[in-house]
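Presented below is the structure to which this report refers.
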Amino acid sequence: MISYAPLMSTLHQRKISKTDLQKLINVSSATIAKISKDEMVSLKVIDDVCSVLNCRIEDVIVHVKEDNKKATE
């Protein structure tokens with residue numbers, strides 16, 4: 001699963017709100033909501049975030065291994 005925890009940390013460090021980010025990358029509030037819920041967004045959105053914040057992809061997303069319980073249920 002993809003987690004946007006690094007993005008939340010990056011925004012906090014830079015004192016940028018999610019609303020500010022929404023305006024900077026010109027996306028809908030629904031896209032920001034997806035990010036807040038660790039739901040999938042397009043790589044174009046991730047690319048725009050990296051470009052606007054001048055950061056690496058590791059500063060935006062991280063892959064978190066999902067629990068294997070789902071596979072056995």
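Identifiers in the structure tokens: chain A, B, ... in order shown; residue index from 1 per chain; ligand index from 1 in order shown.
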Please return as a PyMOL selection string: the residues of chain A that backbone DSSP assigns to strand (DSSP E or B).
chain A and resi 2-3+62-63
From the DSSP assignment of the backbone, select every residue of chain A that is helix (DSSP H, G or I), and format the answer as a PyMOL selection string.
chain A and resi 5-14+18-25+29-36+43-53+57-59+69-72
Those residues you just picked out, can you put them in a file as a CSV table (one decimal), in the first residue's frame with N, CA and C atoms?
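Listing of out-v1.csv after writing:
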```csv
chain,number,residue,atom,x,y,z
A,5,ALA,N,2.3,9.6,4.3
A,5,ALA,CA,2.8,10.2,5.5
A,5,ALA,C,4.0,11.1,5.3
A,6,PRO,N,4.9,10.7,4.3
A,6,PRO,CA,6.1,11.6,4.1
A,6,PRO,C,5.6,13.0,3.6
A,7,LEU,N,4.6,13.0,2.8
A,7,LEU,CA,4.0,14.3,2.2
A,7,LEU,C,3.5,15.1,3.4
A,8,MET,N,2.7,14.5,4.3
A,8,MET,CA,2.2,15.2,5.4
A,8,MET,C,3.3,15.8,6.3
A,9,SER,N,4.4,15.1,6.4
A,9,SER,CA,5.5,15.6,7.2
A,9,SER,C,6.2,16.7,6.4
A,10,THR,N,6.4,16.6,5.1
A,10,THR,CA,7.0,17.6,4.3
A,10,THR,C,6.2,18.9,4.4
A,11,LEU,N,4.8,18.7,4.2
A,11,LEU,CA,4.0,19.9,4.3
A,11,LEU,C,4.1,20.6,5.7
A,12,HIS,N,4.1,19.8,6.7
A,12,HIS,CA,4.2,20.4,8.1
A,12,HIS,C,5.5,21.1,8.2
A,13,GLN,N,6.6,20.5,7.8
A,13,GLN,CA,7.9,21.2,7.9
A,13,GLN,C,8.0,22.5,7.2
A,14,ARG,N,7.3,22.5,6.0
A,14,ARG,CA,7.3,23.7,5.2
A,14,ARG,C,6.2,24.7,5.5
A,18,LYS,N,-2.8,21.7,3.4
A,18,LYS,CA,-3.3,20.9,2.3
A,18,LYS,C,-4.1,21.7,1.3
A,19,THR,N,-4.8,22.7,1.8
A,19,THR,CA,-5.5,23.6,0.9
A,19,THR,C,-4.5,24.4,0.0
A,20,ASP,N,-3.4,24.8,0.6
A,20,ASP,CA,-2.4,25.5,-0.2
A,20,ASP,C,-1.8,24.6,-1.3
A,21,LEU,N,-1.6,23.3,-0.9
A,21,LEU,CA,-1.1,22.4,-1.8
A,21,LEU,C,-2.1,22.2,-3.0
A,22,GLN,N,-3.3,22.1,-2.6
A,22,GLN,CA,-4.4,21.9,-3.6
A,22,GLN,C,-4.3,23.0,-4.7
A,23,LYS,N,-4.1,24.2,-4.2
A,23,LYS,CA,-4.0,25.4,-5.1
A,23,LYS,C,-2.7,25.4,-5.9
A,24,LEU,N,-1.6,25.0,-5.3
A,24,LEU,CA,-0.3,25.0,-6.0
A,24,LEU,C,-0.3,24.0,-7.1
A,25,ILE,N,-0.9,22.8,-6.9
A,25,ILE,CA,-0.9,21.8,-8.0
A,25,ILE,C,-2.1,21.7,-8.8
A,29,SER,N,-10.5,19.2,-4.5
A,29,SER,CA,-10.5,18.8,-3.1
A,29,SER,C,-10.6,17.3,-2.9
A,30,ALA,N,-11.3,16.6,-3.9
A,30,ALA,CA,-11.4,15.2,-3.8
A,30,ALA,C,-10.1,14.5,-3.9
A,31,THR,N,-9.2,15.0,-4.7
A,31,THR,CA,-7.8,14.5,-4.8
A,31,THR,C,-7.1,14.6,-3.5
A,32,ILE,N,-7.2,15.8,-2.9
A,32,ILE,CA,-6.5,16.0,-1.6
A,32,ILE,C,-7.1,15.1,-0.6
A,33,ALA,N,-8.4,14.8,-0.6
A,33,ALA,CA,-9.1,13.9,0.3
A,33,ALA,C,-8.5,12.5,0.1
A,34,LYS,N,-8.3,12.1,-1.1
A,34,LYS,CA,-7.8,10.8,-1.4
A,34,LYS,C,-6.4,10.6,-0.8
A,35,ILE,N,-5.6,11.7,-1.0
A,35,ILE,CA,-4.2,11.7,-0.4
A,35,ILE,C,-4.3,11.6,1.1
A,36,SER,N,-5.2,12.3,1.7
A,36,SER,CA,-5.4,12.3,3.2
A,36,SER,C,-5.8,10.9,3.7
A,43,LEU,N,0.0,9.2,-11.0
A,43,LEU,CA,1.5,9.6,-10.9
A,43,LEU,C,1.7,11.0,-11.3
A,44,LYS,N,0.8,11.5,-12.1
A,44,LYS,CA,0.8,12.9,-12.6
A,44,LYS,C,0.7,13.8,-11.3
A,45,VAL,N,-0.2,13.5,-10.4
A,45,VAL,CA,-0.4,14.3,-9.2
A,45,VAL,C,0.9,14.2,-8.4
A,46,ILE,N,1.5,13.0,-8.2
A,46,ILE,CA,2.7,12.9,-7.5
A,46,ILE,C,3.8,13.7,-8.1
A,47,ASP,N,3.9,13.6,-9.4
A,47,ASP,CA,4.9,14.4,-10.2
A,47,ASP,C,4.7,15.9,-9.9
A,48,ASP,N,3.5,16.3,-10.0
A,48,ASP,CA,3.2,17.8,-9.8
A,48,ASP,C,3.6,18.2,-8.4
A,49,VAL,N,3.3,17.3,-7.4
A,49,VAL,CA,3.7,17.6,-6.0
A,49,VAL,C,5.2,17.8,-5.9
A,50,CYS,N,5.9,16.8,-6.4
A,50,CYS,CA,7.4,16.8,-6.4
A,50,CYS,C,7.9,18.1,-7.1
A,51,SER,N,7.4,18.4,-8.2
A,51,SER,CA,7.8,19.6,-8.9
A,51,SER,C,7.6,20.9,-8.2
A,52,VAL,N,6.4,21.1,-7.6
A,52,VAL,CA,6.0,22.3,-6.9
A,52,VAL,C,6.8,22.4,-5.6
A,53,LEU,N,6.9,21.3,-4.9
A,53,LEU,CA,7.7,21.4,-3.6
A,53,LEU,C,9.2,21.2,-3.8
A,57,ILE,N,10.5,12.0,-4.6
A,57,ILE,CA,9.3,11.2,-4.5
A,57,ILE,C,9.3,10.6,-3.1
A,58,GLU,N,10.5,10.3,-2.5
A,58,GLU,CA,10.5,9.7,-1.1
A,58,GLU,C,10.0,10.7,-0.1
A,59,ASP,N,10.0,12.0,-0.4
A,59,ASP,CA,9.4,13.0,0.5
A,59,ASP,C,7.9,13.1,0.3
A,69,LYS,N,-2.8,-11.1,6.1
A,69,LYS,CA,-4.0,-11.7,6.6
A,69,LYS,C,-5.1,-11.6,5.5
A,70,LYS,N,-5.1,-10.6,4.7
A,70,LYS,CA,-6.1,-10.5,3.6
A,70,LYS,C,-6.0,-11.6,2.6
A,71,ALA,N,-4.8,-12.1,2.4
A,71,ALA,CA,-4.6,-13.1,1.4
A,71,ALA,C,-5.1,-14.5,1.9
A,72,THR,N,-5.1,-14.7,3.2
A,72,THR,CA,-5.5,-16.0,3.7
A,72,THR,C,-7.0,-16.0,4.2
```
Using Å and a single decimal, report how far CA of Tyr4 in chain A sits from CA of His63 in chain A.
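A separation of 9.0 Å between them.
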Could you work out how far CA of Lys65 in chain A lies from CA of Met1 in chain A, giving the answer in Å with one decimal?
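Distance reported for this atom pair: 6.2 Å.
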Atomic distance CA of Ser28 in chain A - CA of Ile16 in chain A, expressed in Å with one decimal
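Answer for the CA of Ser28 in chain A to CA of Ile16 in chain A separation: 16.7 Å.
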